[in-house]
Every structure is written in structure tokens, then in C-alpha cells.
Amino acid sequence: MNRYRMLMGIVVFGTIWGLLECLIGGVPKGTGAMAHFPTGAFLAGFVGVGLMAGTRRIYGVPGMQVGMALVASVLRYFAPIGTVVICSALAIAAEGIVFEIILLAPSLNLAKMRKPVPLMSLGVIIGYSVYVTGYLFTQITTPIASGEAFVMADFISVLPLGLGRGFFAAVAAGVALPIAVRVKNLHFDVDRIAREHYYPTSTIVTAFCWAAFVLIFL
């Protein structure tokens with residue numbers, strides 16, 4: 001894999017991830033059942049895991065997903081959504097790190113995993129792990145970033161909520177990961193794309209996403 005193509009992939013897919021985090025995360029909850037929709041769990045499980053699994057399948061480069069998460073966290077940091085945005089941004093970065101740690105196992109090579117049941121099971125494990133880790137990390141860093149003292153009792157009181165919402169992230173990732181790995185139309189050989197097509201197209205997509213971000217959030 002050409003390193004410049006990989007770096008461009010990190011920027012493109014990280015930007016797409018970050019923009020989706022801001023757009024979907026910024027949708028008003030509304031009333032009724034939608035008021036309780038686990039948006040964070042959906043973003044971590046379907047969007048985050050889906051994009052990370054898809055790019056791992058396409059590029060096959062370990063470490064790339066941490067870079068994507070860092071790019072996405074930068075966009076999330078500058079989006080005026082929520083109260084302590086730095087914690088949300090750090091949670092996204094943590095999701096990328098957890099994803100990479102899980103896939104350190106040699107047996108978990110997405111390019112070689114084709115059966116749907118193992119892929120769904122892996123998606124459930126990754127989805128639950130990345131969301132719960134990000135959620136707990138946010139609960140620890142939010143009071144610190146707000147200039148308040150970290151209270152263990154408060155942290156323990158929100159544990160059931162985070163662990164419970166992890167179920168929705170697990171289900172979302174259990175669907176997203178097999179789709180990202182198995183659907184052939186989502187795969188392409190990056191090295192075979194002519195550079196005069198790959199770089200301009202990637203630049204246009206990135207510029208469009210950043211322009212949309214500036215117009216919507218800044």
C-alpha cells in the first residue's frame with residue numbers, strides 16, 4: 001500500500017466519519033420514542049465500526065483507523081454540539097484505539113473472514129467495546145474538563161446506563177461490520193486506481209465535507 005494513498009484515505013474517511021458524527025449527533029431528539037433514541041450508540045456501532053471495518057477491508061493497513069478517528073475527533077471538537085465537546089472528541093479517538101486493539105489478534109483478519117455469523121459476532125463484540133469504552137471515558141473526562149472534581153459515586157451511578165446502551169451499539173455494529181466486509185460493491189483495489197483519479201476525487205470529497213461542516217456548524 002502506497003503510504004500517500006493511505007494518508008489520503010485517512011483524511012477522506014475520517015472527514016466523512018466526523019461529519020456524520022456532527023450531523024446525526026446534532027439532530028434534535030424530538031418527542032415520543034425518538035426522544036430516547038440512542039444516537040451515540042448508533043454512531044459508534046453503525047457509523048464508526050462500519051467505516052473502520054470497511055477501510056480495514058479495503059486498505060488492509062493496521063493503524064489507519066486510529067488516524068481516521070483522530071480526524072473525526074477534530075471535526076467533532078469544533079462542532080458546537082453538546083456541552084463538553086472535547087470529551088466527545090476524545091471518546092471518538094478512544095473508539096478508534098479500541099478497534100485497533102481488538103483487531104491485533106492475528107485470527108481477526110477481515111480480509112479472510114467471509115462467514116456471516118463470525119462477522120456478526122465480531123461486530124457485536126467490537127460495537128459494544130468501542131461504545132462502552134468511549135462512554136465511560138467521557139464520564140471520567142467531562143467533570144475534569146469542566147473544572148469539577150471527579151466523583152466516583154456519580155461515575156458508578158451512570159454505569160448501568162452506559163452498559164445498557166452498549167447493547168444498541170452492539171446490534172448496530174453486528175449489522176454494519178458484515179455489510180462493510182462482505183458487500184462486494186463497497187470494495188475496490190486502491191492500488192489499481194490511477195493516481196490522476198484517486199487524489200483529485202479524494203480531495204474533492206474532503207473539501208466538500210469540510211465546506212459543508214463550515215457552512216452548517218461555524
# chains A, B, ... in the order shown; residues from 1 in each chain; ligands from 1
call {"tool": "residues_around", "arguments": {"residues": "Ile86 (chain A)", "least_positions_apart": "2", "cutoff": "10 Å", "atoms": "only C-alpha atoms", "output": "list in words"}}
result
Ser73, Val74, Arg76, Tyr77, Phe78, Ala79, Gly82, Thr83, Val84, Ser88, Ala89, Leu90, Ala91, Thr138, Thr141, Thr142 and Ala145 of chain A
call {"tool": "residues_around", "arguments": {"residues": "region 208-212 of chain A", "least_positions_apart": "6", "cutoff": "9 Å", "atoms": "only C-alpha atoms", "output": "list in words"}}
result
Val12, Thr15, Ile16, Leu19 and Leu75 of chain A
call {"tool": "residues_around", "arguments": {"residues": "region 56-71 of chain A", "least_positions_apart": "4", "cutoff": "8 Å", "atoms": "only C-alpha atoms", "output": "list in words"}}
result
Met1, Met6, Ile10, Val11, Phe13, Gly14, Thr15, Trp17, Gly18, Met52, Leu75, Ile92, Ala93, Ala94, Glu95, Gly96, Ile97, Phe99, Glu100, Leu110, Ala111, Ala180, Val181, His187, Phe188, Asp189 and Val190 of chain A
call {"tool": "residues_around", "arguments": {"residues": "Asp154 (chain A)", "least_positions_apart": "5", "cutoff": "10 Å", "atoms": "only C-alpha atoms", "output": "ChimeraX atom specification"}}
result
/A:139-140,159
call {"tool": "closest_residue", "arguments": {"among": "A:Ser129, A:Leu119, A:Tyr135, A:Phe42", "to": "Cys87 (chain A)", "atoms": "only C-alpha atoms"}}
result
A:Tyr135
call {"tool": "select_by_dssp", "arguments": {"residues": "region 16-188 of chain A", "states": "helix (DSSP H, G or I)", "output": "PyMOL selection string"}}
result
chain A and resi 16-25+32-36+39-59+64-78+85-102+116-145+152-182+184-186
call {"tool": "residues_around", "arguments": {"residues": "Arg5 (chain A)", "least_positions_apart": "3", "cutoff": "9 Å", "atoms": "only C-alpha atoms", "output": "NGL selection string"}}
result
:A and (1-2 or 8-10 or 190-191 or 195 or 198-199)
call {"tool": "atom_distance", "arguments": {"atom1": "CA of Gly54 (chain A)", "atom2": "CA of Pro38 (chain A)"}}
result
22.8 Å
call {"tool": "residues_around", "arguments": {"residues": "region 45-48 of chain A", "least_positions_apart": "2", "cutoff": "7 Å", "atoms": "only C-alpha atoms", "output": "mmCIF file with C-alpha atoms, in the first residue's frame"}}
result
data_model
loop_
_atom_site.group_PDB
_atom_site.id
_atom_site.type_symbol
_atom_site.label_atom_id
_atom_site.label_comp_id
_atom_site.auth_asym_id
_atom_site.auth_seq_id
_atom_site.Cartn_x
_atom_site.Cartn_y
_atom_site.Cartn_z
ATOM 1 C CA TRP A 17 -16.946 9.962 9.825
ATOM 2 C CA ALA A 41 -24.740 4.068 20.292
ATOM 3 C CA PHE A 42 -25.854 4.181 16.651
ATOM 4 C CA LEU A 43 -22.972 6.457 15.688
ATOM 5 C CA GLY A 50 -18.855 0.361 9.740
ATOM 6 C CA LEU A 51 -16.345 2.871 8.379
ATOM 7 C CA MET A 52 -13.428 1.401 10.302
ATOM 8 C CA GLY A 127 -19.523 -2.385 18.811
ATOM 9 C CA ALA A 169 -24.158 -0.226 19.664
ATOM 10 C CA ALA A 170 -23.502 -3.973 19.609
ATOM 11 C CA ALA A 172 -25.721 -1.778 15.076
ATOM 12 C CA ALA A 173 -22.140 -2.996 14.673
ATOM 13 C CA ALA A 176 -22.583 -2.833 9.926
#
call {"tool": "residues_around", "arguments": {"residues": "region 23-26 of chain A", "least_positions_apart": "6", "cutoff": "8 Å", "atoms": "only C-alpha atoms", "output": "PyMOL selection string"}}
result
chain A and resi 39-40+43+81
call {"tool": "write_last_selection", "arguments": {"atoms": "N, CA, C and O atoms", "output": "PDB file, in the first residue's frame"}}
result
ATOM      1  N   THR A  39     -28.665   7.779  19.999  1.00  0.00           N
ATOM      2  CA  THR A  39     -27.891   8.308  18.880  1.00  0.00           C
ATOM      3  C   THR A  39     -26.413   7.969  18.995  1.00  0.00           C
ATOM      4  O   THR A  39     -25.769   7.570  18.019  1.00  0.00           O
ATOM      5  N   GLY A  40     -25.853   8.139  20.196  1.00  0.00           N
ATOM      6  CA  GLY A  40     -24.435   7.854  20.392  1.00  0.00           C
ATOM      7  C   GLY A  40     -24.094   6.400  20.101  1.00  0.00           C
ATOM      8  O   GLY A  40     -23.055   6.101  19.504  1.00  0.00           O
ATOM      9  N   LEU A  43     -24.148   5.882  16.329  1.00  0.00           N
ATOM     10  CA  LEU A  43     -22.972   6.457  15.688  1.00  0.00           C
ATOM     11  C   LEU A  43     -21.736   5.592  15.918  1.00  0.00           C
ATOM     12  O   LEU A  43     -20.947   5.362  14.994  1.00  0.00           O
ATOM     13  N   ILE A  81     -21.865  21.165  19.423  1.00  0.00           N
ATOM     14  CA  ILE A  81     -22.943  20.238  19.770  1.00  0.00           C
ATOM     15  C   ILE A  81     -22.648  19.673  21.147  1.00  0.00           C
ATOM     16  O   ILE A  81     -21.585  19.103  21.379  1.00  0.00           O
TER      17      ILE A  81
END
call {"tool": "atom_distance", "arguments": {"atom1": "CA of Phe213 (chain A)", "atom2": "CA of Thr201 (chain A)"}}
result
18.4 Å
